Amino acid sequence: MISKKLNNGISIPCIGFGTYKTTVDDGYRIILDAINTGYRHLDTAAIYNNEEEVGRAVRESGVAREEFFITSKLNRNRLGYENTKKEFEESLKKLQTDYLDLYLIHWPRSDYGRDDYDNWKELDRETWRAMEELQREGRVRSIGVSNFLPHHLDNLLETAETVPAINQLELHPGYMQEEAVAYCREKGIAVEAWSPIGRARIIKDPLLIRLAGKYGISVPHLCLIFGLQNDFIILPKSTHIESMKENLVYDDIRISDEDMETIRSMPEAGWSGEHPDRETVKPGL
Ligand SMILES: NC(=O)c1ccc[n+]([C@@H]2O[C@H](COP(=O)([O-])OP(=O)(O)OC[C@H]3O[C@@H](n4cnc5c(N)ncnc54)[C@H](OP(=O)(O)O)[C@@H]3O)[C@@H](O)[C@H]2O)c1
């Protein structure tokens, strides 16, 4: 499994298994299938409501805990110093582990319309202070953020003692968030791609179908190789063993520089409609 070093020297496998909505069928079974297929990097979150299933699958897989890289995320509506400490303990308990490999602030702001929505600057800084303490105490190996745009990171970095190791962003062909990615690169923050296959919304895109055909691979596989070649850590999710296997393979195929550029500059497609600052987004999305 290919891996990369974070800004704190810790290694992370470049392909992680996304567990969002694995609770729809039999979450435990799906996660165990992923582990048996070879995934050791698992991406969960308090809001996914499946930390117990992830913990159970890890424990019952028979694979040693140290071989896993487990990420969880703090619920956006539980920002703040005290909440962070409490939520972290909850996540550990559900995951049945005594440490996390990575803990992320899931979103920089609470849900739009909540009373604390406008107080995000102070809440993010206080959340981060708690996360830095958890890291110093050895409860979590790396700390980071998710869905943070440059202005959210600017705010955090004004008082942070630790630069986030990771920013997890929606990134796939048709949604490249170039400004946020460039900002992270400049600060030494590794970039993780959520929905690297655009949650399957882009698999019928004619340009991607043509290019996938050229390389003799499927559109999902093209999206994932594209993500890795962009130096993203990718988090594909699938409920099917065949797709899990396909998504784990980083074979000899290399997308040419020209085709990379063509994909990078394709028109917007497959965006989830989720944005950290809801008031800046068109109503209805
Ligand atoms: N930080 C955040 O705010 C955030 C937000 C969203 C997601 N995430 C993380 O990112 C992970 C991945 O994102 P995602 O689940 O939204 O979407 P995704 O991984 O881009 O796409 C998943 C979809 O693609 C299909 N698929 C996967 N591999 C395939 C293959 N080889 N061939 C054909 N279809 C394939 C899956 O179908 P089947 O399941 O039917 O196989 C599923 O419908 C999540 O699970 C979660 O861990 C984070």
# chains A, B, ... in the order shown; residues from 1 in each chain; ligands from 1
>>> residues_around(residues="region 32-48 of chain A", least_positions_apart="6", cutoff="6 Å", atoms="only C-alpha atoms", output="mmCIF file with N, CA and C atoms, in the first residue's frame")
data_model
loop_
_atom_site.group_PDB
_atom_site.id
_atom_site.type_symbol
_atom_site.label_atom_id
_atom_site.label_comp_id
_atom_site.auth_asym_id
_atom_site.auth_seq_id
_atom_site.Cartn_x
_atom_site.Cartn_y
_atom_site.Cartn_z
ATOM 1 N N GLY A 16 -7.765 5.253 1.581
ATOM 2 C CA GLY A 16 -8.534 4.899 2.774
ATOM 3 C C GLY A 16 -9.922 4.449 2.361
ATOM 4 N N PHE A 17 -10.573 3.671 3.216
ATOM 5 C CA PHE A 17 -11.935 3.233 2.914
ATOM 6 C C PHE A 17 -12.927 4.221 3.526
ATOM 7 N N GLY A 18 -13.755 4.829 2.682
ATOM 8 C CA GLY A 18 -14.776 5.768 3.166
ATOM 9 C C GLY A 18 -15.947 4.980 3.729
ATOM 10 N N THR A 19 -16.425 5.373 4.895
ATOM 11 C CA THR A 19 -17.497 4.567 5.509
ATOM 12 C C THR A 19 -18.835 5.298 5.589
ATOM 13 N N TYR A 20 -18.935 6.458 4.945
ATOM 14 C CA TYR A 20 -20.201 7.200 4.985
ATOM 15 C C TYR A 20 -21.328 6.363 4.376
ATOM 16 N N ALA A 57 -15.701 -4.223 13.597
ATOM 17 C CA ALA A 57 -15.056 -4.868 12.448
ATOM 18 C C ALA A 57 -13.541 -4.923 12.655
ATOM 19 N N PHE A 68 -3.808 -0.478 11.688
ATOM 20 C CA PHE A 68 -4.845 0.382 11.112
ATOM 21 C C PHE A 68 -4.502 1.858 11.246
ATOM 22 N N PHE A 69 -5.036 2.614 10.328
ATOM 23 C CA PHE A 69 -5.013 4.074 10.442
ATOM 24 C C PHE A 69 -6.483 4.486 10.514
ATOM 25 N N ILE A 70 -6.931 4.877 11.718
ATOM 26 C CA ILE A 70 -8.354 5.176 11.906
ATOM 27 C C ILE A 70 -8.563 6.676 12.121
ATOM 28 N N THR A 71 -9.433 7.222 11.289
ATOM 29 C CA THR A 71 -9.801 8.641 11.379
ATOM 30 C C THR A 71 -11.234 8.762 11.861
ATOM 31 N N SER A 72 -11.475 9.692 12.792
ATOM 32 C CA SER A 72 -12.850 10.089 13.057
ATOM 33 C C SER A 72 -12.930 11.618 13.053
ATOM 34 N N LYS A 73 -14.170 12.113 13.085
ATOM 35 C CA LYS A 73 -14.355 13.568 12.945
ATOM 36 C C LYS A 73 -15.351 14.076 13.972
ATOM 37 N N ASN A 75 -18.328 16.165 15.257
ATOM 38 C CA ASN A 75 -19.595 16.686 14.722
ATOM 39 C C ASN A 75 -19.570 18.225 14.687
#
>>> residues_around(residues="region 217-229 of chain A", least_positions_apart="2", cutoff="7 Å", atoms="only C-alpha atoms", output="compact mmCIF listing (two decimals) with C-alpha atoms, in the first residue's frame")
# COMPACT_ATOMS: atom_id res chain seq x y z
CA HIS A 172 -12.99 14.91 -7.80
CA PRO A 173 -13.04 15.59 -11.53
CA PRO A 196 -13.16 11.01 -4.99
CA ILE A 197 -15.63 9.37 -7.42
CA ILE A 203 -19.57 8.15 -13.88
CA LEU A 208 -14.49 10.80 -18.40
CA ILE A 209 -15.99 7.83 -20.28
CA ALA A 212 -11.34 5.89 -19.18
CA GLY A 213 -11.81 3.99 -22.47
CA TYR A 215 -6.69 3.76 -20.71
CA ASP A 231 -1.09 13.88 -4.64
CA PHE A 232 -4.41 13.54 -2.82
CA ILE A 233 -5.06 10.88 -0.19
CA ILE A 234 -8.23 9.27 -1.55
CA ASN A 247 -10.53 0.90 -5.84
CA TYR A 250 -2.96 1.50 -7.98
CA MET A 260 -4.55 15.24 -16.31
>>> closest_residue(among="A:Ser195, A:Thr239, A:Ser146, A:Gln96", to="Glu170 (chain A)", atoms="only C-alpha atoms")
A:Ser195
>>> atom_distance(atom1="CA of Arg199 (chain A)", atom2="atom 11 (C, counted along the ligand's line) of ligand 1")
8.2 Å
>>> closest_residue(among="A:Ile263, A:Leu134, A:Met176, A:Ile202", to="ligand 1", atoms="only C-alpha atoms and all ligand atoms")
A:Ile202
>>> closest_residue(among="A:Glu274, A:Asp118, A:Asp251, A:Glu178", to="ligand 1", atoms="only C-alpha atoms and all ligand atoms")
A:Glu274
>>> closest_residue(among="A:Phe88, A:Phe148, A:Tyr117, A:Trp194", to="Leu171 (chain A)", atoms="only C-alpha atoms")
A:Trp194
>>> closest_residue(among="A:Ser256, A:Leu104, A:Tyr183, A:Lys237", to="Gly27 (chain A)", atoms="only C-alpha atoms")
A:Lys237
>>> atom_distance(atom1="CA of Ile15 (chain A)", atom2="CA of Met1 (chain A)")
7.8 Å
>>> select_by_dssp(residues="region 75-143 of chain A", states="helix (DSSP H, G or I)", output="VMD selection string")
chain A and resid 76 to 78 81 to 95 117 to 136
